[in-house]
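Structure below is target38.txt: compact mmCIF, C-alpha atoms.
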```
# COMPACT_ATOMS: atom_id res chain seq x y z
CA MET A 23 56.56 75.13 108.78
CA ASP A 24 54.34 74.37 111.71
CA GLU A 25 55.80 76.82 114.23
CA PRO A 26 53.63 79.79 115.17
CA LEU A 27 54.51 83.07 113.50
CA LEU A 28 56.81 85.27 115.56
CA LEU A 29 57.12 89.06 115.77
CA ALA A 30 56.62 91.29 112.76
CA ILE A 31 59.76 92.82 111.27
CA ALA A 32 59.59 95.75 108.85
CA ILE A 33 62.44 96.14 106.37
CA LEU A 34 62.58 99.69 105.03
CA GLY A 35 64.28 99.87 101.65
CA GLY A 36 63.59 96.16 101.56
CA THR A 37 63.56 95.99 97.76
CA GLY A 38 67.38 96.17 97.66
CA LYS A 39 69.60 93.09 97.75
CA GLU A 40 70.46 93.33 101.45
CA GLY A 41 66.83 93.87 102.45
CA LYS A 42 65.58 90.99 100.34
CA GLY A 43 68.22 88.66 101.75
CA LEU A 44 67.31 89.48 105.35
CA ALA A 45 63.58 89.24 104.52
CA TYR A 46 64.09 85.78 103.04
CA ARG A 47 66.04 84.49 106.05
CA TRP A 48 63.68 85.92 108.68
CA ALA A 49 60.49 84.83 106.87
CA LYS A 50 61.99 81.35 106.64
CA ALA A 51 62.60 81.42 110.40
CA GLY A 52 58.89 82.17 110.98
CA TYR A 53 58.84 85.95 111.40
CA ARG A 54 56.17 88.01 109.64
CA VAL A 55 58.06 90.34 107.30
CA LEU A 56 56.81 93.66 105.95
CA ILE A 57 58.87 94.93 103.03
CA GLY A 58 58.81 98.72 102.86
CA SER A 59 59.74 100.97 99.96
CA ARG A 60 59.02 104.49 98.73
CA SER A 61 57.01 102.74 96.01
CA SER A 62 54.46 100.23 97.37
CA GLU A 63 54.36 98.67 93.88
CA LYS A 64 58.08 97.82 94.06
CA ALA A 65 57.63 96.53 97.62
CA VAL A 66 54.79 94.20 96.55
CA LYS A 67 56.93 92.88 93.70
CA ALA A 68 59.90 92.23 96.02
CA ALA A 69 57.64 90.49 98.55
CA SER A 70 56.26 88.24 95.84
CA GLU A 71 59.79 87.36 94.64
CA ILE A 72 60.76 86.35 98.17
CA MET A 73 57.55 84.36 98.71
CA GLN A 74 58.38 82.33 95.58
CA LEU A 75 61.66 81.26 97.22
CA LEU A 76 59.85 80.20 100.39
CA GLU A 77 57.42 77.44 101.23
CA GLY A 78 54.33 76.99 103.27
CA SER A 79 53.13 79.44 105.87
CA SER A 80 55.72 82.19 105.47
CA SER A 81 54.39 85.72 105.45
CA VAL A 82 56.05 88.47 103.41
CA VAL A 83 54.03 91.47 102.29
CA GLY A 84 55.01 94.68 100.53
CA THR A 85 53.85 98.22 101.35
CA THR A 86 55.15 101.76 101.84
CA ASN A 87 57.91 102.50 104.36
CA PRO A 88 55.58 104.27 106.86
CA GLU A 89 52.95 101.49 106.65
CA ALA A 90 55.62 98.85 107.16
CA ALA A 91 57.04 100.72 110.18
CA ARG A 92 53.54 101.06 111.71
CA GLY A 93 52.83 97.35 111.34
CA ALA A 94 55.97 95.98 112.98
CA GLU A 95 57.58 95.71 116.40
CA ILE A 96 61.10 95.80 115.00
CA VAL A 97 62.06 98.04 112.09
CA VAL A 98 65.16 97.47 109.99
CA VAL A 99 66.55 100.14 107.66
CA THR A 100 68.61 98.95 104.66
CA VAL A 101 68.72 102.00 102.42
CA PRO A 102 71.83 103.56 100.86
CA TYR A 103 73.32 106.24 103.10
CA SER A 104 72.12 109.00 100.74
CA ALA A 105 68.49 108.06 101.63
CA HIS A 106 69.14 107.42 105.35
CA ARG A 107 67.96 110.69 106.88
CA GLU A 108 64.92 111.11 104.62
CA THR A 109 63.75 107.54 105.22
CA LEU A 110 64.07 107.83 109.00
CA GLU A 111 62.28 111.18 109.09
CA SER A 112 59.40 109.65 107.11
CA VAL A 113 58.85 106.98 109.78
CA LYS A 114 59.85 108.86 112.94
CA ASP A 115 56.35 108.86 114.46
CA ALA A 116 55.70 105.22 113.66
CA LEU A 117 58.99 104.22 115.30
CA GLN A 118 58.37 105.69 118.76
CA GLY A 119 58.62 103.01 121.44
CA LYS A 120 60.12 100.53 118.96
CA LEU A 121 63.52 99.15 118.05
CA LEU A 122 65.36 100.31 114.92
CA VAL A 123 68.03 98.08 113.41
CA ASP A 124 70.32 100.22 111.25
CA VAL A 125 72.17 98.29 108.52
CA THR A 126 73.55 101.44 106.88
CA ALA A 127 77.26 101.81 106.21
CA PRO A 128 77.76 105.52 105.53
CA LEU A 129 79.85 105.09 102.38
CA VAL A 130 80.71 108.29 100.52
CA PRO A 131 81.27 107.61 96.79
CA PRO A 132 83.63 107.55 95.03
CA LYS A 133 86.02 106.81 97.95
CA VAL A 134 84.01 103.97 99.45
CA SER A 135 87.16 102.26 100.78
CA LYS A 136 87.95 105.26 102.99
CA VAL A 137 86.11 105.65 106.32
CA GLN A 138 84.12 108.91 106.24
CA MET A 139 81.67 109.10 109.14
CA PRO A 140 78.87 111.67 109.51
CA ALA A 141 79.21 114.38 112.17
CA ALA A 142 77.17 112.32 114.66
CA GLY A 143 79.99 109.74 114.70
CA SER A 144 78.24 107.00 112.71
CA ALA A 145 75.02 106.39 110.79
CA ALA A 146 73.51 104.66 113.84
CA GLN A 147 74.25 107.65 116.10
CA GLU A 148 72.76 109.91 113.43
CA ALA A 149 69.63 107.74 113.43
CA LYS A 150 69.42 108.10 117.21
CA GLU A 151 69.70 111.91 116.87
CA ILE A 152 66.91 111.95 114.27
CA LEU A 153 64.57 109.58 116.13
CA GLY A 154 65.02 110.83 119.69
CA GLU A 155 64.89 109.23 123.12
CA GLY A 156 61.83 107.07 122.41
CA VAL A 157 63.58 104.74 119.98
CA GLU A 158 66.28 102.16 120.69
CA VAL A 159 68.84 102.03 117.87
CA VAL A 160 71.04 99.03 117.11
CA ALA A 161 73.62 98.76 114.31
CA ALA A 162 74.18 95.36 112.67
CA PHE A 163 74.74 93.43 109.40
CA GLN A 164 76.85 96.13 107.65
CA ASN A 165 79.75 93.76 106.97
CA VAL A 166 77.86 90.87 105.38
CA SER A 167 77.89 90.76 101.57
CA HIS A 168 74.23 91.01 100.57
CA GLU A 169 74.70 88.50 97.74
CA LEU A 170 75.32 85.87 100.41
CA LEU A 171 72.08 86.46 102.32
CA LEU A 172 69.54 85.53 99.64
CA GLY A 173 70.15 81.80 99.86
CA ASP A 174 70.77 79.04 102.34
CA GLU A 175 74.54 78.77 102.31
CA GLU A 176 76.48 79.34 105.49
CA VAL A 177 77.81 82.90 105.60
CA GLU A 178 81.41 83.06 106.77
CA CYS A 179 81.09 86.53 108.30
CA ASP A 180 80.14 87.32 111.88
CA VAL A 181 77.78 90.15 112.81
CA LEU A 182 78.97 92.75 115.32
CA VAL A 183 76.01 94.29 117.14
CA THR A 184 76.26 97.72 118.78
CA GLY A 185 73.39 99.74 120.23
CA THR A 186 71.76 101.94 122.80
CA SER A 187 71.14 99.23 125.43
CA LYS A 188 72.22 95.72 126.24
CA LYS A 189 68.59 94.57 126.06
CA ALA A 190 68.17 95.99 122.56
CA ARG A 191 71.44 94.36 121.45
CA ALA A 192 70.23 91.04 122.87
CA GLU A 193 66.99 91.28 120.85
CA VAL A 194 68.98 91.87 117.68
CA LEU A 195 71.37 89.01 118.52
CA THR A 196 68.27 86.77 118.46
CA LEU A 197 67.48 88.05 114.96
CA VAL A 198 71.09 87.46 113.85
CA GLU A 199 70.84 83.87 115.01
CA ALA A 200 67.43 83.47 113.32
CA ALA A 201 69.10 84.58 110.07
CA GLY A 202 71.62 81.76 110.48
CA LEU A 203 74.58 83.99 111.36
CA THR A 204 76.86 84.31 114.39
CA GLY A 205 76.44 87.59 116.28
CA TRP A 206 78.46 89.33 118.99
CA ASP A 207 77.53 92.03 121.49
CA ALA A 208 80.05 94.66 120.38
CA GLY A 209 79.07 97.29 122.94
CA PRO A 210 77.47 100.73 123.11
CA ILE A 211 76.24 102.75 120.14
CA GLU A 212 79.49 104.77 120.18
CA ASN A 213 81.19 101.58 118.91
CA SER A 214 79.11 101.67 115.70
CA VAL A 215 81.91 103.61 113.99
CA VAL A 216 84.00 100.44 114.11
CA VAL A 217 81.31 98.20 112.67
CA GLU A 218 80.18 100.62 109.97
CA GLY A 219 83.77 101.62 109.13
CA LEU A 220 84.81 97.98 108.85
CA THR A 221 82.71 97.89 105.67
CA SER A 222 85.19 100.31 104.04
CA VAL A 223 88.11 98.22 105.33
CA LEU A 224 86.59 95.07 103.78
CA ILE A 225 85.96 96.90 100.49
CA ASN A 226 89.62 97.92 100.57
CA ILE A 227 90.68 94.31 101.16
CA ASN A 228 88.48 93.11 98.27
CA LYS A 229 90.17 95.72 96.05
CA GLN A 230 93.75 95.00 97.17
CA TYR A 231 93.54 91.20 97.28
CA GLY A 232 91.12 90.50 94.41
CA SER A 233 88.44 88.99 96.64
CA THR A 234 84.67 89.55 96.48
CA TYR A 235 83.27 88.59 99.86
CA ALA A 236 85.88 89.53 102.47
CA GLY A 237 84.37 89.28 105.93
CA ILE A 238 85.44 88.90 109.56
CA LYS A 239 85.25 86.22 112.20
CA ILE A 240 85.81 86.71 115.91
CA THR A 241 88.42 84.29 117.27
CA GLY A 242 89.33 83.26 120.80
CA ALA A 243 85.78 83.52 122.21
CA GLN A 244 82.55 81.50 122.25
CA SER A 245 79.37 83.34 121.29
CA LYS A 246 77.23 81.17 123.57
CA MET B 6 120.89 82.25 112.95
CA ASP B 7 123.15 82.66 109.95
CA GLU B 8 121.10 85.22 108.02
CA PRO B 9 122.52 88.73 107.87
CA LEU B 10 120.96 91.23 110.25
CA LEU B 11 118.15 93.24 108.67
CA LEU B 12 116.99 96.81 109.32
CA ALA B 13 117.05 98.32 112.77
CA ILE B 14 113.67 98.71 114.50
CA ALA B 15 113.23 100.99 117.52
CA ILE B 16 110.42 100.13 119.95
CA LEU B 17 109.53 103.16 122.07
CA GLY B 18 107.91 102.16 125.32
CA GLY B 19 109.44 98.78 124.59
CA THR B 20 109.59 97.75 128.24
CA GLY B 21 105.84 97.02 128.27
CA LYS B 22 104.39 93.63 127.42
CA GLU B 23 103.39 94.49 123.85
CA GLY B 24 106.76 96.08 123.11
CA LYS B 25 108.70 93.14 124.53
CA GLY B 26 106.61 90.67 122.55
CA LEU B 27 107.23 92.48 119.26
CA ALA B 28 110.95 92.91 120.12
CA TYR B 29 111.26 89.18 120.76
CA ARG B 30 109.58 88.22 117.49
CA TRP B 31 111.48 90.70 115.32
CA ALA B 32 114.89 89.98 116.90
CA LYS B 33 114.24 86.30 116.30
CA ALA B 34 113.52 87.09 112.63
CA GLY B 35 116.94 88.77 112.34
CA TYR B 36 116.11 92.45 112.82
CA ARG B 37 118.30 94.61 115.06
CA VAL B 38 116.01 95.84 117.82
CA LEU B 39 116.50 98.96 119.94
CA ILE B 40 114.27 99.01 123.02
CA GLY B 41 113.48 102.58 124.06
CA SER B 42 112.14 103.84 127.37
CA ARG B 43 112.07 107.04 129.37
CA SER B 44 114.51 105.23 131.68
CA SER B 45 117.51 103.74 129.86
CA GLU B 46 118.06 101.48 132.88
CA LYS B 47 114.62 99.87 132.42
CA ALA B 48 115.26 99.56 128.69
CA VAL B 49 118.58 97.78 129.26
CA LYS B 50 116.88 95.37 131.67
CA ALA B 51 114.07 94.60 129.19
CA ALA B 52 116.61 94.07 126.38
CA SER B 53 118.54 91.63 128.53
CA GLU B 54 115.34 89.71 129.41
CA ILE B 55 114.52 89.34 125.73
CA MET B 56 118.08 88.31 124.82
CA GLN B 57 117.80 85.50 127.37
CA LEU B 58 114.82 84.10 125.46
CA LEU B 59 116.73 84.24 122.17
CA GLU B 60 119.71 82.37 120.81
CA GLY B 61 122.79 83.15 118.82
CA SER B 62 123.33 86.32 116.89
CA SER B 63 120.17 88.23 117.80
CA SER B 64 120.66 91.86 118.68
CA VAL B 65 118.47 93.64 121.24
CA VAL B 66 119.79 96.67 123.07
CA GLY B 67 118.15 99.09 125.51
CA THR B 68 118.46 102.86 125.55
CA THR B 69 116.38 106.06 125.84
CA ASN B 70 113.45 106.70 123.49
CA PRO B 71 115.26 109.47 121.52
CA GLU B 72 118.45 107.40 121.17
CA ALA B 73 116.44 104.41 119.98
CA ALA B 74 114.56 106.56 117.44
CA ARG B 75 117.84 108.03 116.13
CA GLY B 76 119.41 104.60 115.65
CA ALA B 77 116.60 102.95 113.67
CA GLU B 78 115.03 103.14 110.21
CA ILE B 79 111.61 102.09 111.50
CA VAL B 80 110.23 103.33 114.82
CA VAL B 81 107.39 101.58 116.64
CA VAL B 82 105.49 103.26 119.48
CA THR B 83 103.85 100.99 122.07
CA VAL B 84 103.09 103.35 124.95
CA PRO B 85 99.74 103.74 126.74
CA TYR B 86 97.63 106.47 125.13
CA SER B 87 98.25 108.79 128.09
CA ALA B 88 101.96 108.94 127.11
CA HIS B 89 101.37 109.05 123.33
CA ARG B 90 101.74 112.77 122.62
CA GLU B 91 104.67 113.32 125.00
CA THR B 92 106.60 110.35 123.64
CA LEU B 93 106.13 111.41 120.01
CA GLU B 94 107.11 115.03 120.75
CA SER B 95 110.31 113.78 122.40
CA VAL B 96 111.37 111.98 119.20
CA LYS B 97 109.91 114.26 116.54
CA ASP B 98 113.28 115.40 115.16
CA ALA B 99 114.76 111.91 115.13
CA LEU B 100 111.73 110.60 113.20
CA GLN B 101 111.91 112.93 110.19
CA GLY B 102 112.22 110.96 106.95
CA LYS B 103 111.39 107.72 108.75
CA LEU B 104 108.41 105.41 109.23
CA LEU B 105 106.43 105.39 112.49
CA VAL B 106 104.38 102.31 113.38
CA ASP B 107 101.72 103.33 115.91
CA VAL B 108 100.43 100.46 118.06
CA THR B 109 98.41 102.76 120.33
CA ALA B 110 94.73 102.09 120.98
CA PRO B 111 93.41 105.34 122.48
CA LEU B 112 91.56 103.74 125.38
CA VAL B 113 90.05 106.14 127.91
CA PRO B 114 89.76 104.50 131.37
CA PRO B 115 87.53 103.49 132.99
CA LYS B 116 85.29 102.94 129.91
CA VAL B 117 87.85 101.05 127.85
CA SER B 118 85.15 99.02 126.09
CA LYS B 119 83.64 102.19 124.61
CA VAL B 120 85.24 103.74 121.51
CA GLN B 121 86.45 107.25 122.39
CA MET B 122 88.70 108.67 119.69
CA PRO B 123 90.84 111.82 119.99
CA ALA B 124 89.84 114.94 118.01
CA ALA B 125 92.22 114.01 115.19
CA GLY B 126 90.04 110.94 114.48
CA SER B 127 92.42 108.29 115.82
CA ALA B 128 95.75 107.99 117.64
CA ALA B 129 97.53 107.40 114.32
CA GLN B 130 96.07 110.58 112.79
CA GLU B 131 97.09 112.45 115.94
CA ALA B 132 100.63 111.10 115.53
CA LYS B 133 100.66 112.36 111.94
CA GLU B 134 99.54 115.81 113.12
CA ILE B 135 102.31 115.89 115.75
CA LEU B 136 105.08 114.61 113.47
CA GLY B 137 104.25 116.50 110.27
CA GLU B 138 104.66 115.82 106.58
CA GLY B 139 108.15 114.31 106.84
CA VAL B 140 107.03 111.14 108.65
CA GLU B 141 104.97 108.25 107.27
CA VAL B 142 102.57 106.90 109.92
CA VAL B 143 101.15 103.38 109.90
CA ALA B 144 98.76 101.91 112.50
CA ALA B 145 99.03 98.18 113.30
CA PHE B 146 99.00 95.47 116.01
CA GLN B 147 96.38 97.13 118.28
CA ASN B 148 94.12 94.09 118.32
CA VAL B 149 96.66 91.41 119.26
CA SER B 150 96.75 90.44 122.93
CA HIS B 151 100.27 91.27 124.07
CA GLU B 152 100.47 88.14 126.21
CA LEU B 153 100.39 86.11 123.00
CA LEU B 154 103.35 87.84 121.37
CA LEU B 155 106.11 86.91 123.85
CA GLY B 156 106.36 83.31 122.75
CA ASP B 157 106.32 81.13 119.68
CA GLU B 158 102.71 80.00 119.53
CA GLU B 159 100.61 80.85 116.52
CA VAL B 160 98.50 83.94 117.18
CA GLU B 161 94.91 83.54 115.99
CA CYS B 162 94.41 87.25 115.30
CA ASP B 163 95.06 89.05 112.03
CA VAL B 164 96.70 92.47 111.86
CA LEU B 165 94.88 95.24 109.98
CA VAL B 166 97.37 97.79 108.64
CA THR B 167 96.30 101.36 107.83
CA GLY B 168 98.59 104.25 106.97
CA THR B 169 99.64 107.30 105.02
CA SER B 170 100.77 105.47 101.87
CA LYS B 171 100.51 102.09 100.24
CA LYS B 172 104.32 101.79 100.24
CA ALA B 173 104.49 102.41 103.99
CA ARG B 174 101.69 99.88 104.59
CA ALA B 175 103.59 97.33 102.48
CA GLU B 176 106.74 97.84 104.61
CA VAL B 177 104.76 97.21 107.76
CA LEU B 178 103.06 94.15 106.23
CA THR B 179 106.59 92.72 105.86
CA LEU B 180 107.14 93.31 109.59
CA VAL B 181 103.80 91.66 110.42
CA GLU B 182 104.83 88.60 108.48
CA ALA B 183 108.27 88.60 110.12
CA ALA B 184 106.48 88.53 113.49
CA GLY B 185 104.65 85.38 112.38
CA LEU B 186 101.25 87.02 111.93
CA THR B 187 98.88 87.52 109.00
CA GLY B 188 98.50 91.15 107.93
CA TRP B 189 96.06 92.96 105.64
CA ASP B 190 96.28 96.29 103.85
CA ALA B 191 93.26 97.97 105.47
CA GLY B 192 93.56 101.27 103.60
CA PRO B 193 94.33 104.92 104.28
CA ILE B 194 95.13 106.43 107.67
CA GLU B 195 91.51 107.61 108.01
CA ASN B 196 90.61 103.92 108.45
CA SER B 197 92.72 103.73 111.66
CA VAL B 198 89.59 104.54 113.69
CA VAL B 199 88.27 101.08 112.79
CA VAL B 200 91.43 99.24 113.74
CA GLU B 201 92.06 101.18 116.96
CA GLY B 202 88.36 101.11 117.91
CA LEU B 203 88.19 97.37 117.32
CA THR B 204 90.33 97.02 120.45
CA SER B 205 87.42 98.37 122.52
CA VAL B 206 85.01 96.03 120.71
CA LEU B 207 87.26 93.05 121.52
CA ILE B 208 87.55 94.16 125.17
CA ASN B 209 83.74 94.30 125.24
CA ILE B 210 83.51 90.79 123.79
CA ASN B 211 86.01 89.48 126.39
CA LYS B 212 83.84 91.06 129.09
CA GLN B 213 80.48 89.82 127.76
CA TYR B 214 81.53 86.30 126.78
CA GLY B 215 84.13 85.52 129.48
CA SER B 216 87.01 85.22 127.02
CA THR B 217 90.56 86.57 127.41
CA TYR B 218 92.06 86.78 123.95
CA ALA B 219 89.23 87.65 121.56
CA GLY B 220 90.67 88.57 118.17
CA ILE B 221 89.61 88.80 114.53
CA LYS B 222 90.34 86.91 111.34
CA ILE B 223 89.57 88.11 107.83
CA THR B 224 87.55 85.54 105.89
CA GLY B 225 86.81 85.18 102.17
CA ALA B 226 90.17 86.55 100.96
CA GLN B 227 93.77 85.39 100.54
CA SER B 228 96.47 87.63 101.99
CA LYS B 229 99.01 86.60 99.32
```
Written form, structure tokens:
Amino acid sequence: MDEPLLLAIAILGGTGKEGKGLAYRWAKAGYRVLIGSRSSEKAVKAASEIMQLLEGSSSVVGTTNPEAARGAEIVVVTVPYSAHRETLESVKDALQGKLLVDVTAPLVPPKVSKVQMPAAGSAAQEAKEILGEGVEVVAAFQNVSHELLLGDEEVECDVLVTGTSKKARAEVLTLVEAAGLTGWDAGPIENSVVVEGLTSVLININKQYGSTYAGIKITGAQSK
Amino acid sequence: MDEPLLLAIAILGGTGKEGKGLAYRWAKAGYRVLIGSRSSEKAVKAASEIMQLLEGSSSVVGTTNPEAARGAEIVVVTVPYSAHRETLESVKDALQGKLLVDVTAPLVPPKVSKVQMPAAGSAAQEAKEILGEGVEVVAAFQNVSHELLLGDEEVECDVLVTGTSKKARAEVLTLVEAAGLTGWDAGPIENSVVVEGLTSVLININKQYGSTYAGIKITGAQSK
């Protein structure tokens, strides 16, 4: 690619399937991607796997979660809910003044098809409580099957984007588009319960109807 | 129509647009429909308006909310959230042993595009608390624009069905199909927060993107 490199995006827990899929799509779109993990060794390995799928001037590097958060303007967290609080606390200082994109669906095994939100109302609201006033928090990408992201096929699932300000949601809508998906401004951070909880509803549909990649599409509106 | 009349369905608050739309579609499918209202006069008028749109042997009658609830096997509540508790308390005895379909989205004016659930977790869970163990409660139809129901056009919005048992959800999925819509078993009553809250998300999308009838469709799965 000949386009100049764009912003740097850190993906914490980026060695998982969801993180790798987003890393692949954003690196391909020209963003510099920093894969973060508790183990920098694992992060380096994941970065190298993604680079092998990409061509030319793409930039994906692996490091620890705090290093990744320090090096990026936008920080995405894609860890299982059980590691959500610990991961955010480990990068709290590095995140001040930045934008966090929370991909976490707070599933509580074994009943992952039943909505069970944390006391804050949703994982995104919990992130906001942990990180404080200096960090904008946006929730997105919880409903997309991660298997679909690590490749170039069209994903038939829209991305509902909720968050602490309209400006922050607009920034994330740009990232959604860069990843080749259709995004929608779904309102304030209090609406994150719908988007995160929809993951349990889709798991339930997969279970009841024998599907694998149930998703949602918004109808009756034009996203641009 | 020559088919025999099916079950009786009561629609409490059935003089509103959503109630009339559902009454029209179910009466057309052969169900006996009892429109309920606080004012039996208004209910009779609404029933007569719907009968004028229908042909032949359809049966729509108007009466008070408690009379309607007593006369039906399935009771649907389509009142604004401000009248939710009072309406349910007025029919609690008549509902025992029956199935309640709760269409209420607990919108809190003026911020109707922000999810603001009652303490019970959702309107449907609040209904269950009010009505007790003897009543099955199912949430459905909150996301469909009521203007689209009072007519024969295809509605491009799926219906997510949550509720207290799989059997009760299956009964309501039959009613969704009878109304000409596509329904999905969306899981236990705890998942109602997603379905009810999605109404605020869709209102937000209508506001942000200049649409009127934003809805959702499930992708990647087959409903039958």
Only residues of chain A matter here; which ones have an atom within 8 Å of chain B, counting only C-alpha atoms? Give them as a tab-separated table (two decimals) with C-alpha atoms, keeping the file's coordinate frame.
```
chain	number	residue	atom	x	y	z
A	135	SER	CA	87.16	102.26	100.78
A	136	LYS	CA	87.95	105.26	102.99
A	137	VAL	CA	86.11	105.65	106.32
A	138	GLN	CA	84.12	108.91	106.24
A	178	GLU	CA	81.41	83.06	106.77
A	179	CYS	CA	81.09	86.53	108.30
A	206	TRP	CA	78.46	89.33	118.99
A	207	ASP	CA	77.53	92.03	121.49
A	208	ALA	CA	80.05	94.66	120.38
A	209	GLY	CA	79.07	97.29	122.94
A	210	PRO	CA	77.47	100.73	123.11
A	212	GLU	CA	79.49	104.77	120.18
A	213	ASN	CA	81.19	101.58	118.91
A	215	VAL	CA	81.91	103.61	113.99
A	216	VAL	CA	84.00	100.44	114.11
A	217	VAL	CA	81.31	98.20	112.67
A	219	GLY	CA	83.77	101.62	109.13
A	220	LEU	CA	84.81	97.98	108.85
A	222	SER	CA	85.19	100.31	104.04
A	223	VAL	CA	88.11	98.22	105.33
A	224	LEU	CA	86.59	95.07	103.78
A	226	ASN	CA	89.62	97.92	100.57
A	227	ILE	CA	90.68	94.31	101.16
A	228	ASN	CA	88.48	93.11	98.27
A	230	GLN	CA	93.75	95.00	97.17
A	231	TYR	CA	93.54	91.20	97.28
A	232	GLY	CA	91.12	90.50	94.41
A	233	SER	CA	88.44	88.99	96.64
A	234	THR	CA	84.67	89.55	96.48
A	235	TYR	CA	83.27	88.59	99.86
A	236	ALA	CA	85.88	89.53	102.47
A	237	GLY	CA	84.37	89.28	105.93
A	238	ILE	CA	85.44	88.90	109.56
A	239	LYS	CA	85.25	86.22	112.20
A	240	ILE	CA	85.81	86.71	115.91
A	241	THR	CA	88.42	84.29	117.27
A	242	GLY	CA	89.33	83.26	120.80
A	243	ALA	CA	85.78	83.52	122.21
A	244	GLN	CA	82.55	81.50	122.25
A	245	SER	CA	79.37	83.34	121.29
A	246	LYS	CA	77.23	81.17	123.57
```
Could you name the residues that touch Ser44 (chain B) at 12 Å or less, counting all atoms listed in the file, but leaving out those on the same chain fewer than 6 positions away, as a PDB file with C-alpha atoms, in the coordinates of the input?
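Contents of the output file selection.pdb:
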```
ATOM      1  CA  LEU B  17     109.530 103.160 122.070  1.00  0.00           C
ATOM      2  CA  GLY B  18     107.910 102.160 125.320  1.00  0.00           C
ATOM      3  CA  GLY B  19     109.440  98.780 124.590  1.00  0.00           C
ATOM      4  CA  THR B  20     109.590  97.750 128.240  1.00  0.00           C
ATOM      5  CA  LYS B  50     116.880  95.370 131.670  1.00  0.00           C
ATOM      6  CA  ALA B  51     114.070  94.600 129.190  1.00  0.00           C
ATOM      7  CA  GLY B  67     118.150  99.090 125.510  1.00  0.00           C
ATOM      8  CA  THR B  68     118.460 102.860 125.550  1.00  0.00           C
ATOM      9  CA  THR B  69     116.380 106.060 125.840  1.00  0.00           C
ATOM     10  CA  ASN B  70     113.450 106.700 123.490  1.00  0.00           C
ATOM     11  CA  PRO B  71     115.260 109.470 121.520  1.00  0.00           C
ATOM     12  CA  GLU B  72     118.450 107.400 121.170  1.00  0.00           C
ATOM     13  CA  ALA B  73     116.440 104.410 119.980  1.00  0.00           C
TER      14      ALA B  73
END
```
Can you list, as a list in words, every protein, DNA or RNA residue that comes within 6 Å of Tyr53 (chain A) when you count only C-alpha atoms, leaving out same-chain residues fewer than 3 positions away?
-> Leu27, Leu28, Leu29, Ala30, Trp48 and Ala49 of chain A
Could you tell me, as number ranges by chain, which residues have any atom at most 12 Å from (101.9, 95.4, 112.2), counting all atoms listed in the file?
-> B: 23-24, 27, 30-31, 79-83, 105-109, 142-149, 154, 162-168, 173-191, 200
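When all atoms listed in the file are used to measure the gap to Ser63 (chain B), the shortest distance among B:Val38, B:Leu155, B:Leu136, B:Ile16 belongs to B:Val38.
Pairwise distance (CA of Ala132 (chain B), CA of Lys33 (chain B)) equals 28.3 Å.
In this model, the gap between CA of Pro111 (chain B) and CA of Ala145 (chain A) comes to 21.8 Å.
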Give the answer as one residue: which of B:Arg43, B:Lys172, B:Lys116, B:Arg75 has the shortest atom-to-atom distance to Leu100 (chain B), using all atoms listed in the file?
-> B:Arg75
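Nearest residue to Ser87 (chain B) among B:Ile135, B:Val65, B:Leu112, B:Leu104 is B:Leu112, counting only C-alpha atoms.
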Would you list the contacts of Gln101 (chain B) as an NGL selection string, taking every protein, DNA or RNA residue within 9 Å and counting all atoms listed in the file, but skipping same-chain residues closer than 6 positions in sequence?
-> :B and (136-141)
Atoms kept (C-alpha atoms) for selection, written as a PDB file, keeping the file's coordinate frame:
```
ATOM      1  CA  LEU B 136     105.080 114.610 113.470  1.00  0.00           C
ATOM      2  CA  GLY B 137     104.250 116.500 110.270  1.00  0.00           C
ATOM      3  CA  GLU B 138     104.660 115.820 106.580  1.00  0.00           C
ATOM      4  CA  GLY B 139     108.150 114.310 106.840  1.00  0.00           C
ATOM      5  CA  VAL B 140     107.030 111.140 108.650  1.00  0.00           C
ATOM      6  CA  GLU B 141     104.970 108.250 107.270  1.00  0.00           C
TER       7      GLU B 141
END
```
Can you work out the spacing between CA of Ser127 (chain B) and CA of His89 (chain B) in Å, to one decimal?
-> 11.7 Å
